[in-house]
file input-v9.tsv (TSV, N, CA and C atoms)
chain	number	residue	atom	x	y	z
A	1	MET	N	-28.79	0.88	11.76
A	1	MET	CA	-28.69	1.40	13.11
A	1	MET	C	-27.60	2.47	13.13
A	2	GLU	N	-27.78	3.45	14.01
A	2	GLU	CA	-26.89	4.60	14.03
A	2	GLU	C	-26.53	4.97	15.47
A	3	TRP	N	-25.28	5.38	15.67
A	3	TRP	CA	-24.81	5.85	16.96
A	3	TRP	C	-24.22	7.23	16.75
A	4	ALA	N	-24.66	8.21	17.55
A	4	ALA	CA	-24.14	9.57	17.47
A	4	ALA	C	-23.55	9.92	18.84
A	5	PHE	N	-22.35	10.50	18.83
A	5	PHE	CA	-21.69	10.84	20.08
A	5	PHE	C	-20.68	11.96	19.82
A	6	THR	N	-20.23	12.56	20.90
A	6	THR	CA	-19.19	13.58	20.85
A	6	THR	C	-17.99	13.02	21.58
A	7	GLY	N	-16.81	13.18	20.98
A	7	GLY	CA	-15.62	12.64	21.63
A	7	GLY	C	-14.38	13.43	21.28
A	8	GLU	N	-13.35	13.21	22.09
A	8	GLU	CA	-12.06	13.87	21.88
A	8	GLU	C	-11.20	13.04	20.93
A	9	VAL	N	-10.52	13.71	20.03
A	9	VAL	CA	-9.62	13.05	19.10
A	9	VAL	C	-8.33	12.69	19.85
A	10	ILE	N	-7.98	11.41	19.80
A	10	ILE	CA	-6.79	10.93	20.49
A	10	ILE	C	-5.81	10.33	19.49
A	11	GLU	N	-4.56	10.22	19.89
A	11	GLU	CA	-3.55	9.61	19.04
A	11	GLU	C	-3.26	8.21	19.56
A	12	TRP	N	-3.15	7.27	18.62
A	12	TRP	CA	-2.75	5.91	18.95
A	12	TRP	C	-1.45	5.68	18.22
A	13	ARG	N	-0.39	5.50	18.95
A	13	ARG	CA	0.93	5.38	18.33
A	13	ARG	C	1.16	3.99	17.76
A	14	GLY	N	1.78	3.98	16.60
A	14	GLY	CA	2.16	2.76	15.93
A	14	GLY	C	3.34	3.11	15.05
A	15	PRO	N	3.47	2.47	13.91
A	15	PRO	CA	4.56	2.84	13.00
A	15	PRO	C	4.46	4.31	12.58
A	16	ALA	N	3.25	4.83	12.55
A	16	ALA	CA	3.01	6.25	12.27
A	16	ALA	C	1.87	6.67	13.19
A	17	PRO	N	1.76	7.94	13.56
A	17	PRO	CA	0.65	8.32	14.45
A	17	PRO	C	-0.69	8.28	13.70
A	18	TYR	N	-1.69	7.78	14.38
A	18	TYR	CA	-3.04	7.71	13.84
A	18	TYR	C	-3.98	8.41	14.82
A	19	LEU	N	-5.00	9.06	14.29
A	19	LEU	CA	-5.98	9.74	15.14
A	19	LEU	C	-7.28	8.97	15.16
A	20	PHE	N	-7.89	8.90	16.35
A	20	PHE	CA	-9.12	8.15	16.57
A	20	PHE	C	-10.03	8.95	17.48
A	21	VAL	N	-11.31	8.58	17.47
A	21	VAL	CA	-12.29	9.04	18.46
A	21	VAL	C	-12.88	7.78	19.07
A	22	ALA	N	-12.88	7.70	20.40
A	22	ALA	CA	-13.38	6.51	21.09
A	22	ALA	C	-14.89	6.62	21.32
A	23	MET	N	-15.59	5.54	20.99
A	23	MET	CA	-17.01	5.45	21.32
A	23	MET	C	-17.12	5.23	22.83
A	24	THR	N	-18.28	5.51	23.40
A	24	THR	CA	-18.49	5.23	24.82
A	24	THR	C	-18.53	3.72	25.03
A	25	PRO	N	-18.22	3.24	26.24
A	25	PRO	CA	-18.31	1.79	26.49
A	25	PRO	C	-19.72	1.24	26.22
A	26	ALA	N	-20.76	2.00	26.60
A	26	ALA	CA	-22.14	1.53	26.40
A	26	ALA	C	-22.46	1.43	24.91
A	27	ASP	N	-22.11	2.46	24.13
A	27	ASP	CA	-22.35	2.42	22.69
A	27	ASP	C	-21.53	1.29	22.04
A	28	SER	N	-20.31	1.10	22.51
A	28	SER	CA	-19.45	0.05	21.96
A	28	SER	C	-20.06	-1.33	22.18
A	29	GLU	N	-20.60	-1.56	23.37
A	29	GLU	CA	-21.22	-2.84	23.68
A	29	GLU	C	-22.47	-3.04	22.83
A	30	ASP	N	-23.28	-2.00	22.69
A	30	ASP	CA	-24.49	-2.06	21.87
A	30	ASP	C	-24.13	-2.37	20.42
A	31	LEU	N	-23.14	-1.67	19.88
A	31	LEU	CA	-22.72	-1.88	18.50
A	31	LEU	C	-22.22	-3.31	18.31
A	32	LYS	N	-21.44	-3.80	19.26
A	32	LYS	CA	-20.90	-5.17	19.17
A	32	LYS	C	-22.02	-6.20	19.08
A	33	GLU	N	-23.07	-6.01	19.86
A	33	GLU	CA	-24.22	-6.94	19.83
A	33	GLU	C	-24.94	-6.89	18.49
A	34	VAL	N	-25.18	-5.68	17.99
A	34	VAL	CA	-25.92	-5.51	16.73
A	34	VAL	C	-25.11	-5.99	15.53
A	35	ALA	N	-23.78	-5.83	15.60
A	35	ALA	CA	-22.90	-6.10	14.46
A	35	ALA	C	-22.33	-7.52	14.44
A	36	ARG	N	-22.82	-8.41	15.24
A	36	ARG	CA	-22.24	-9.76	15.36
A	36	ARG	C	-21.85	-10.40	14.04
A	37	GLY	N	-22.72	-10.39	13.05
A	37	GLY	CA	-22.45	-11.05	11.78
A	37	GLY	C	-21.50	-10.28	10.87
A	38	LEU	N	-21.16	-9.03	11.23
A	38	LEU	CA	-20.29	-8.21	10.39
A	38	LEU	C	-18.85	-8.14	10.91
A	39	ILE	N	-18.63	-8.52	12.16
A	39	ILE	CA	-17.32	-8.39	12.78
A	39	ILE	C	-16.33	-9.37	12.16
A	40	TYR	N	-15.16	-8.88	11.79
A	40	TYR	CA	-14.08	-9.72	11.28
A	40	TYR	C	-12.79	-9.27	11.96
A	41	TRP	N	-12.04	-10.23	12.49
A	41	TRP	CA	-10.80	-9.95	13.22
A	41	TRP	C	-11.01	-8.87	14.27
A	42	GLY	N	-12.20	-8.84	14.85
A	42	GLY	CA	-12.52	-7.86	15.89
A	42	GLY	C	-12.96	-6.51	15.36
A	43	GLN	N	-12.83	-6.28	14.06
A	43	GLN	CA	-13.17	-4.99	13.47
A	43	GLN	C	-14.60	-5.00	12.94
A	44	VAL	N	-15.20	-3.81	12.90
A	44	VAL	CA	-16.57	-3.66	12.41
A	44	VAL	C	-16.59	-2.65	11.26
A	45	PRO	N	-17.09	-3.04	10.07
A	45	PRO	CA	-17.17	-2.10	8.96
A	45	PRO	C	-18.30	-1.09	9.19
A	46	VAL	N	-17.97	0.19	9.00
A	46	VAL	CA	-18.94	1.25	9.26
A	46	VAL	C	-18.82	2.38	8.25
A	47	CYS	N	-19.87	3.20	8.21
A	47	CYS	CA	-19.87	4.49	7.52
A	47	CYS	C	-19.84	5.53	8.64
A	48	VAL	N	-19.02	6.56	8.47
A	48	VAL	CA	-18.83	7.57	9.52
A	48	VAL	C	-19.07	8.95	8.93
A	49	ALA	N	-19.69	9.82	9.73
A	49	ALA	CA	-19.83	11.24	9.37
A	49	ALA	C	-19.22	12.07	10.49
A	50	ILE	N	-18.30	12.96	10.10
A	50	ILE	CA	-17.72	13.94	11.01
A	50	ILE	C	-17.78	15.26	10.27
A	51	GLY	N	-18.51	16.21	10.85
A	51	GLY	CA	-18.69	17.49	10.16
A	51	GLY	C	-19.37	17.24	8.82
A	52	GLY	N	-18.83	17.80	7.76
A	52	GLY	CA	-19.39	17.60	6.42
A	52	GLY	C	-18.77	16.44	5.67
A	53	SER	N	-17.91	15.67	6.33
A	53	SER	CA	-17.21	14.55	5.69
A	53	SER	C	-17.86	13.23	6.05
A	54	GLU	N	-18.03	12.39	5.02
A	54	GLU	CA	-18.53	11.02	5.23
A	54	GLU	C	-17.54	10.07	4.60
A	55	PHE	N	-17.28	8.94	5.28
A	55	PHE	CA	-16.30	7.98	4.79
A	55	PHE	C	-16.58	6.60	5.37
A	56	THR	N	-16.01	5.58	4.74
A	56	THR	CA	-16.11	4.22	5.26
A	56	THR	C	-14.79	3.86	5.92
A	57	THR	N	-14.88	3.01	6.93
A	57	THR	CA	-13.69	2.55	7.65
A	57	THR	C	-14.09	1.33	8.47
A	58	ALA	N	-13.18	0.88	9.31
A	58	ALA	CA	-13.48	-0.22	10.23
A	58	ALA	C	-13.10	0.23	11.63
A	59	LEU	N	-13.97	-0.05	12.60
A	59	LEU	CA	-13.71	0.29	13.99
A	59	LEU	C	-12.75	-0.73	14.59
A	60	PHE	N	-11.87	-0.27	15.46
A	60	PHE	CA	-10.91	-1.13	16.14
A	60	PHE	C	-11.28	-1.26	17.61
A	61	PRO	N	-11.33	-2.48	18.16
A	61	PRO	CA	-11.63	-2.64	19.58
A	61	PRO	C	-10.39	-2.36	20.42
A	62	ARG	N	-10.52	-1.55	21.48
A	62	ARG	CA	-9.44	-1.26	22.41
A	62	ARG	C	-10.02	-1.00	23.78
A	63	GLN	N	-9.64	-1.81	24.75
A	63	GLN	CA	-10.00	-1.62	26.16
A	63	GLN	C	-11.50	-1.41	26.37
A	64	GLY	N	-12.31	-2.28	25.76
A	64	GLY	CA	-13.75	-2.24	25.97
A	64	GLY	C	-14.50	-1.18	25.17
A	65	ARG	N	-13.80	-0.52	24.27
A	65	ARG	CA	-14.43	0.51	23.43
A	65	ARG	C	-14.01	0.28	22.00
A	66	TYR	N	-14.81	0.81	21.08
A	66	TYR	CA	-14.39	0.83	19.68
A	66	TYR	C	-13.78	2.19	19.40
A	67	LEU	N	-12.67	2.19	18.64
A	67	LEU	CA	-12.03	3.41	18.20
A	67	LEU	C	-12.40	3.67	16.75
A	68	VAL	N	-12.82	4.90	16.46
A	68	VAL	CA	-13.17	5.32	15.11
A	68	VAL	C	-11.94	5.99	14.50
A	69	PRO	N	-11.32	5.38	13.47
A	69	PRO	CA	-10.18	6.04	12.84
A	69	PRO	C	-10.63	7.28	12.08
A	70	VAL	N	-9.85	8.36	12.21
A	70	VAL	CA	-10.14	9.59	11.49
A	70	VAL	C	-9.12	9.70	10.36
A	71	LYS	N	-9.58	9.45	9.13
A	71	LYS	CA	-8.69	9.45	7.98
A	71	LYS	C	-8.01	10.81	7.80
A	72	ALA	N	-6.78	10.78	7.25
A	72	ALA	CA	-6.01	12.01	7.04
A	72	ALA	C	-6.78	13.03	6.19
A	73	ALA	N	-7.48	12.57	5.17
A	73	ALA	CA	-8.26	13.48	4.32
A	73	ALA	C	-9.35	14.17	5.13
A	74	VAL	N	-9.96	13.46	6.07
A	74	VAL	CA	-11.00	14.04	6.93
A	74	VAL	C	-10.37	15.02	7.91
A	75	GLN	N	-9.20	14.66	8.44
A	75	GLN	CA	-8.49	15.58	9.35
A	75	GLN	C	-8.24	16.92	8.66
A	76	ARG	N	-7.79	16.87	7.41
A	76	ARG	CA	-7.51	18.10	6.65
A	76	ARG	C	-8.81	18.85	6.34
A	77	ALA	N	-9.80	18.13	5.83
A	77	ALA	CA	-11.06	18.77	5.40
A	77	ALA	C	-11.80	19.43	6.56
A	78	GLU	N	-11.74	18.82	7.73
A	78	GLU	CA	-12.49	19.31	8.88
A	78	GLU	C	-11.60	20.07	9.89
A	79	ALA	N	-10.31	20.23	9.55
A	79	ALA	CA	-9.35	20.91	10.44
A	79	ALA	C	-9.34	20.26	11.82
A	80	ILE	N	-9.16	18.94	11.84
A	80	ILE	CA	-9.18	18.16	13.07
A	80	ILE	C	-7.75	17.76	13.44
A	81	GLY	N	-7.41	17.95	14.70
A	81	GLY	CA	-6.13	17.52	15.22
A	81	GLY	C	-6.32	16.85	16.56
A	82	GLU	N	-5.26	16.30	17.10
A	82	GLU	CA	-5.32	15.66	18.41
A	82	GLU	C	-5.84	16.66	19.44
A	83	GLY	N	-6.76	16.20	20.29
A	83	GLY	CA	-7.34	17.05	21.31
A	83	GLY	C	-8.63	17.75	20.90
A	84	ALA	N	-8.93	17.76	19.60
A	84	ALA	CA	-10.19	18.37	19.14
A	84	ALA	C	-11.36	17.55	19.66
A	85	VAL	N	-12.48	18.19	19.89
A	85	VAL	CA	-13.71	17.51	20.29
A	85	VAL	C	-14.65	17.58	19.09
A	86	VAL	N	-15.09	16.41	18.62
A	86	VAL	CA	-15.89	16.33	17.40
A	86	VAL	C	-17.18	15.55	17.62
A	87	ASP	N	-18.18	15.87	16.80
A	87	ASP	CA	-19.42	15.11	16.76
A	87	ASP	C	-19.26	14.03	15.70
A	88	VAL	N	-19.61	12.80	16.06
A	88	VAL	CA	-19.42	11.65	15.18
A	88	VAL	C	-20.73	10.90	15.04
A	89	VAL	N	-21.04	10.46	13.83
A	89	VAL	CA	-22.17	9.58	13.59
A	89	VAL	C	-21.61	8.32	12.93
A	90	VAL	N	-21.94	7.17	13.51
A	90	VAL	CA	-21.46	5.87	13.01
A	90	VAL	C	-22.67	5.04	12.61
A	91	ARG	N	-22.62	4.49	11.39
A	91	ARG	CA	-23.66	3.57	10.91
A	91	ARG	C	-22.98	2.30	10.44
A	92	LEU	N	-23.60	1.16	10.74
A	92	LEU	CA	-23.04	-0.11	10.26
A	92	LEU	C	-23.01	-0.12	8.75
A	93	ASN	N	-21.97	-0.68	8.20
A	93	ASN	CA	-21.82	-0.79	6.76
A	93	ASN	C	-22.18	-2.23	6.38
A	94	ALA	N	-23.45	-2.56	6.53
A	94	ALA	CA	-23.93	-3.92	6.31
A	94	ALA	C	-23.85	-4.34	4.85
A	95	ALA	N	-23.75	-3.39	3.93
A	95	ALA	CA	-23.67	-3.71	2.51
A	95	ALA	C	-22.32	-4.28	2.14
A	96	ARG	N	-21.36	-4.14	3.03
A	96	ARG	CA	-20.00	-4.60	2.76
A	96	ARG	C	-19.66	-5.78	3.64
A	97	GLY	N	-18.94	-6.72	3.11
A	97	GLY	CA	-18.44	-7.83	3.91
A	97	GLY	C	-17.23	-7.40	4.72
A	98	HIS	N	-16.63	-6.29	4.31
A	98	HIS	CA	-15.48	-5.73	5.00
A	98	HIS	C	-15.36	-4.28	4.61
A	99	ALA	N	-14.59	-3.53	5.38
A	99	ALA	CA	-14.38	-2.12	5.06
A	99	ALA	C	-13.25	-2.01	4.06
A	100	PRO	N	-13.29	-0.99	3.20
A	100	PRO	CA	-12.23	-0.82	2.22
A	100	PRO	C	-10.94	-0.40	2.88

call {"tool": "encode", "arguments": {"input": "input-v9.tsv", "output": "structure tokens"}}
result
Amino acid sequence: MEWAFTGEVIEWRGPAPYLFVAMTPADSEDLKEVARGLIYWGQVPVCVAIGGSEFTTALFPRQGRYLVPVKAAVQRAEAIGEGAVVDVVVRLNAARGHAP
């Protein structure tokens, strides 16, 4: 199953700043239902495509939405920074018991 959406890159502060793109609440709810057997500690293992970059990661639940982490290598390769609007494709990573 696949979800495609456009979203703004946001920063989530922690020990170091991290960049994410939030899925819509409707897509997040749909993904949560489909991914029931894959969810661990609230996270969902996925494959993500942004621009010409593809990578694996785990989605983080926050305030009724899943956040897609944008890896530093992808930020550099795609020239993505906070506030950028990007097209994202998310596919469940059912082949993995967890994301790397």

call {"tool": "atom_distance", "arguments": {"input": "input-v9.tsv", "atom1": "atom CA of A:Ile10", "atom2": "atom N of A:Glu54"}}
result
19.2 Å

call {"tool": "closest_residue", "arguments": {"input": "input-v9.tsv", "among": "A:Val89, A:Ile39, A:Ala58, A:Leu67", "to": "A:Ala22", "atoms": "only N, CA and C atoms"}}
result
A:Leu67

call {"tool": "closest_residue", "arguments": {"input": "input-v9.tsv", "among": "A:Leu31, A:Leu59, A:Val21, A:Ala73", "to": "A:Thr6", "atoms": "only C-alpha atoms"}}
result
A:Val21

call {"tool": "atom_distance", "arguments": {"input": "input-v9.tsv", "atom1": "atom CA of A:Pro45", "atom2": "atom CA of A:Pro69"}}
result
11.4 Å

call {"tool": "select_by_dssp", "arguments": {"input": "input-v9.tsv", "residues": "chain A", "states": "helix (DSSP H, G or I)", "output": "list in words"}}
result
Pro25, Ala26, Asp27, Ser28, Glu29, Asp30, Leu31, Lys32, Glu33, Val34, Ala72, Ala73, Val74, Gln75, Arg76, Ala77 and Glu78 of chain A

call {"tool": "atom_distance", "arguments": {"input": "input-v9.tsv", "atom1": "atom N of A:Val44", "atom2": "atom CA of A:Trp3"}}
result
14.2 Å

call {"tool": "residues_near_point", "arguments": {"input": "input-v9.tsv", "point": "(-14.9, 12.1, 17.2)", "cutoff": "6 Å", "atoms": "all atoms listed in the file", "output": "JSON, numbers by chain"}}
result
{"A": [6, 7, 8, 9, 20, 21, 22, 85, 86, 87, 88]}

call {"tool": "write_last_selection", "arguments": {"input": "input-v9.tsv", "atoms": "N, CA and C atoms", "output": "mmCIF file, in the coordinates of the input"}}
result
data_model
loop_
_atom_site.group_PDB
_atom_site.id
_atom_site.type_symbol
_atom_site.label_atom_id
_atom_site.label_comp_id
_atom_site.auth_asym_id
_atom_site.auth_seq_id
_atom_site.Cartn_x
_atom_site.Cartn_y
_atom_site.Cartn_z
ATOM 1 N N THR A 6 -20.230 12.560 20.900
ATOM 2 C CA THR A 6 -19.190 13.580 20.850
ATOM 3 C C THR A 6 -17.990 13.020 21.580
ATOM 4 N N GLY A 7 -16.810 13.180 20.980
ATOM 5 C CA GLY A 7 -15.620 12.640 21.630
ATOM 6 C C GLY A 7 -14.380 13.430 21.280
ATOM 7 N N GLU A 8 -13.350 13.210 22.090
ATOM 8 C CA GLU A 8 -12.060 13.870 21.880
ATOM 9 C C GLU A 8 -11.200 13.040 20.930
ATOM 10 N N VAL A 9 -10.520 13.710 20.030
ATOM 11 C CA VAL A 9 -9.620 13.050 19.100
ATOM 12 C C VAL A 9 -8.330 12.690 19.850
ATOM 13 N N PHE A 20 -7.890 8.900 16.350
ATOM 14 C CA PHE A 20 -9.120 8.150 16.570
ATOM 15 C C PHE A 20 -10.030 8.950 17.480
ATOM 16 N N VAL A 21 -11.310 8.580 17.470
ATOM 17 C CA VAL A 21 -12.290 9.040 18.460
ATOM 18 C C VAL A 21 -12.880 7.780 19.070
ATOM 19 N N ALA A 22 -12.880 7.700 20.400
ATOM 20 C CA ALA A 22 -13.380 6.510 21.090
ATOM 21 C C ALA A 22 -14.890 6.620 21.320
ATOM 22 N N VAL A 85 -12.480 18.190 19.890
ATOM 23 C CA VAL A 85 -13.710 17.510 20.290
ATOM 24 C C VAL A 85 -14.650 17.580 19.090
ATOM 25 N N VAL A 86 -15.090 16.410 18.620
ATOM 26 C CA VAL A 86 -15.890 16.330 17.400
ATOM 27 C C VAL A 86 -17.180 15.550 17.620
ATOM 28 N N ASP A 87 -18.180 15.870 16.800
ATOM 29 C CA ASP A 87 -19.420 15.110 16.760
ATOM 30 C C ASP A 87 -19.260 14.030 15.700
ATOM 31 N N VAL A 88 -19.610 12.800 16.060
ATOM 32 C CA VAL A 88 -19.420 11.650 15.180
ATOM 33 C C VAL A 88 -20.730 10.900 15.040
#

call {"tool": "select_by_dssp", "arguments": {"input": "input-v9.tsv", "residues": "chain A", "states": "strand (DSSP E or B)", "output": "number ranges by chain"}}
result
A: 2-12, 18-22, 40, 43-50, 53-62, 65-69, 85-92

call {"tool": "write_last_selection", "arguments": {"input": "input-v9.tsv", "atoms": "N, CA and C atoms", "output": "compact mmCIF listing (two decimals), in the coordinates of the input"}}
result
# COMPACT_ATOMS: atom_id res chain seq x y z
N GLU A 2 -27.78 3.45 14.01
CA GLU A 2 -26.89 4.60 14.03
C GLU A 2 -26.53 4.97 15.47
N TRP A 3 -25.28 5.38 15.67
CA TRP A 3 -24.81 5.85 16.96
C TRP A 3 -24.22 7.23 16.75
N ALA A 4 -24.66 8.21 17.55
CA ALA A 4 -24.14 9.57 17.47
C ALA A 4 -23.55 9.92 18.84
N PHE A 5 -22.35 10.50 18.83
CA PHE A 5 -21.69 10.84 20.08
C PHE A 5 -20.68 11.96 19.82
N THR A 6 -20.23 12.56 20.90
CA THR A 6 -19.19 13.58 20.85
C THR A 6 -17.99 13.02 21.58
N GLY A 7 -16.81 13.18 20.98
CA GLY A 7 -15.62 12.64 21.63
C GLY A 7 -14.38 13.43 21.28
N GLU A 8 -13.35 13.21 22.09
CA GLU A 8 -12.06 13.87 21.88
C GLU A 8 -11.20 13.04 20.93
N VAL A 9 -10.52 13.71 20.03
CA VAL A 9 -9.62 13.05 19.10
C VAL A 9 -8.33 12.69 19.85
N ILE A 10 -7.98 11.41 19.80
CA ILE A 10 -6.79 10.93 20.49
C ILE A 10 -5.81 10.33 19.49
N GLU A 11 -4.56 10.22 19.89
CA GLU A 11 -3.55 9.61 19.04
C GLU A 11 -3.26 8.21 19.56
N TRP A 12 -3.15 7.27 18.62
CA TRP A 12 -2.75 5.91 18.95
C TRP A 12 -1.45 5.68 18.22
N TYR A 18 -1.69 7.78 14.38
CA TYR A 18 -3.04 7.71 13.84
C TYR A 18 -3.98 8.41 14.82
N LEU A 19 -5.00 9.06 14.29
CA LEU A 19 -5.98 9.74 15.14
C LEU A 19 -7.28 8.97 15.16
N PHE A 20 -7.89 8.90 16.35
CA PHE A 20 -9.12 8.15 16.57
C PHE A 20 -10.03 8.95 17.48
N VAL A 21 -11.31 8.58 17.47
CA VAL A 21 -12.29 9.04 18.46
C VAL A 21 -12.88 7.78 19.07
N ALA A 22 -12.88 7.70 20.40
CA ALA A 22 -13.38 6.51 21.09
C ALA A 22 -14.89 6.62 21.32
N TYR A 40 -15.16 -8.88 11.79
CA TYR A 40 -14.08 -9.72 11.28
C TYR A 40 -12.79 -9.27 11.96
N GLN A 43 -12.83 -6.28 14.06
CA GLN A 43 -13.17 -4.99 13.47
C GLN A 43 -14.60 -5.00 12.94
N VAL A 44 -15.20 -3.81 12.90
CA VAL A 44 -16.57 -3.66 12.41
C VAL A 44 -16.59 -2.65 11.26
N PRO A 45 -17.09 -3.04 10.07
CA PRO A 45 -17.17 -2.10 8.96
C PRO A 45 -18.30 -1.09 9.19
N VAL A 46 -17.97 0.19 9.00
CA VAL A 46 -18.94 1.25 9.26
C VAL A 46 -18.82 2.38 8.25
N CYS A 47 -19.87 3.20 8.21
CA CYS A 47 -19.87 4.49 7.52
C CYS A 47 -19.84 5.53 8.64
N VAL A 48 -19.02 6.56 8.47
CA VAL A 48 -18.83 7.57 9.52
C VAL A 48 -19.07 8.95 8.93
N ALA A 49 -19.69 9.82 9.73
CA ALA A 49 -19.83 11.24 9.37
C ALA A 49 -19.22 12.07 10.49
N ILE A 50 -18.30 12.96 10.10
CA ILE A 50 -17.72 13.94 11.01
C ILE A 50 -17.78 15.26 10.27
N SER A 53 -17.91 15.67 6.33
CA SER A 53 -17.21 14.55 5.69
C SER A 53 -17.86 13.23 6.05
N GLU A 54 -18.03 12.39 5.02
CA GLU A 54 -18.53 11.02 5.23
C GLU A 54 -17.54 10.07 4.60
N PHE A 55 -17.28 8.94 5.28
CA PHE A 55 -16.30 7.98 4.79
C PHE A 55 -16.58 6.60 5.37
N THR A 56 -16.01 5.58 4.74
CA THR A 56 -16.11 4.22 5.26
C THR A 56 -14.79 3.86 5.92
N THR A 57 -14.88 3.01 6.93
CA THR A 57 -13.69 2.55 7.65
C THR A 57 -14.09 1.33 8.47
N ALA A 58 -13.18 0.88 9.31
CA ALA A 58 -13.48 -0.22 10.23
C ALA A 58 -13.10 0.23 11.63
N LEU A 59 -13.97 -0.05 12.60
CA LEU A 59 -13.71 0.29 13.99
C LEU A 59 -12.75 -0.73 14.59
N PHE A 60 -11.87 -0.27 15.46
CA PHE A 60 -10.91 -1.13 16.14
C PHE A 60 -11.28 -1.26 17.61
N PRO A 61 -11.33 -2.48 18.16
CA PRO A 61 -11.63 -2.64 19.58
C PRO A 61 -10.39 -2.36 20.42
N ARG A 62 -10.52 -1.55 21.48
CA ARG A 62 -9.44 -1.26 22.41
C ARG A 62 -10.02 -1.00 23.78
N ARG A 65 -13.80 -0.52 24.27
CA ARG A 65 -14.43 0.51 23.43
C ARG A 65 -14.01 0.28 22.00
N TYR A 66 -14.81 0.81 21.08
CA TYR A 66 -14.39 0.83 19.68
C TYR A 66 -13.78 2.19 19.40
N LEU A 67 -12.67 2.19 18.64
CA LEU A 67 -12.03 3.41 18.20
C LEU A 67 -12.40 3.67 16.75
N VAL A 68 -12.82 4.90 16.46
CA VAL A 68 -13.17 5.32 15.11
C VAL A 68 -11.94 5.99 14.50
N PRO A 69 -11.32 5.38 13.47
CA PRO A 69 -10.18 6.04 12.84
C PRO A 69 -10.63 7.28 12.08
N VAL A 85 -12.48 18.19 19.89
CA VAL A 85 -13.71 17.51 20.29
C VAL A 85 -14.65 17.58 19.09
N VAL A 86 -15.09 16.41 18.62
CA VAL A 86 -15.89 16.33 17.40
C VAL A 86 -17.18 15.55 17.62
N ASP A 87 -18.18 15.87 16.80
CA ASP A 87 -19.42 15.11 16.76
C ASP A 87 -19.26 14.03 15.70
N VAL A 88 -19.61 12.80 16.06
CA VAL A 88 -19.42 11.65 15.18
C VAL A 88 -20.73 10.90 15.04
N VAL A 89 -21.04 10.46 13.83
CA VAL A 89 -22.17 9.58 13.59
C VAL A 89 -21.61 8.32 12.93
N VAL A 90 -21.94 7.17 13.51
CA VAL A 90 -21.46 5.87 13.01
C VAL A 90 -22.67 5.04 12.61
N ARG A 91 -22.62 4.49 11.39
CA ARG A 91 -23.66 3.57 10.91
C ARG A 91 -22.98 2.30 10.44
N LEU A 92 -23.60 1.16 10.74
CA LEU A 92 -23.04 -0.11 10.26
C LEU A 92 -23.01 -0.12 8.75

call {"tool": "residues_around", "arguments": {"input": "input-v9.tsv", "residues": "A:Val46", "least_positions_apart": "6", "cutoff": "7 Å", "atoms": "only N, CA and C atoms", "output": "PyMOL selection string"}}
result
chain A and resi 55-59+90-94+98-99

call {"tool": "residues_near_point", "arguments": {"input": "input-v9.tsv", "point": "(-19.2, 0.9, 26.8)", "cutoff": "6 Å", "atoms": "only C-alpha atoms", "output": "list in words"}}
result
Thr24, Pro25, Ala26, Asp27, Ser28, Glu29 and Arg65 of chain A

call {"tool": "closest_residue", "arguments": {"input": "input-v9.tsv", "among": "A:Ala4, A:Cys47, A:Glu11, A:Val68", "to": "A:Gly83", "atoms": "only C-alpha atoms"}}
result
A:Glu11
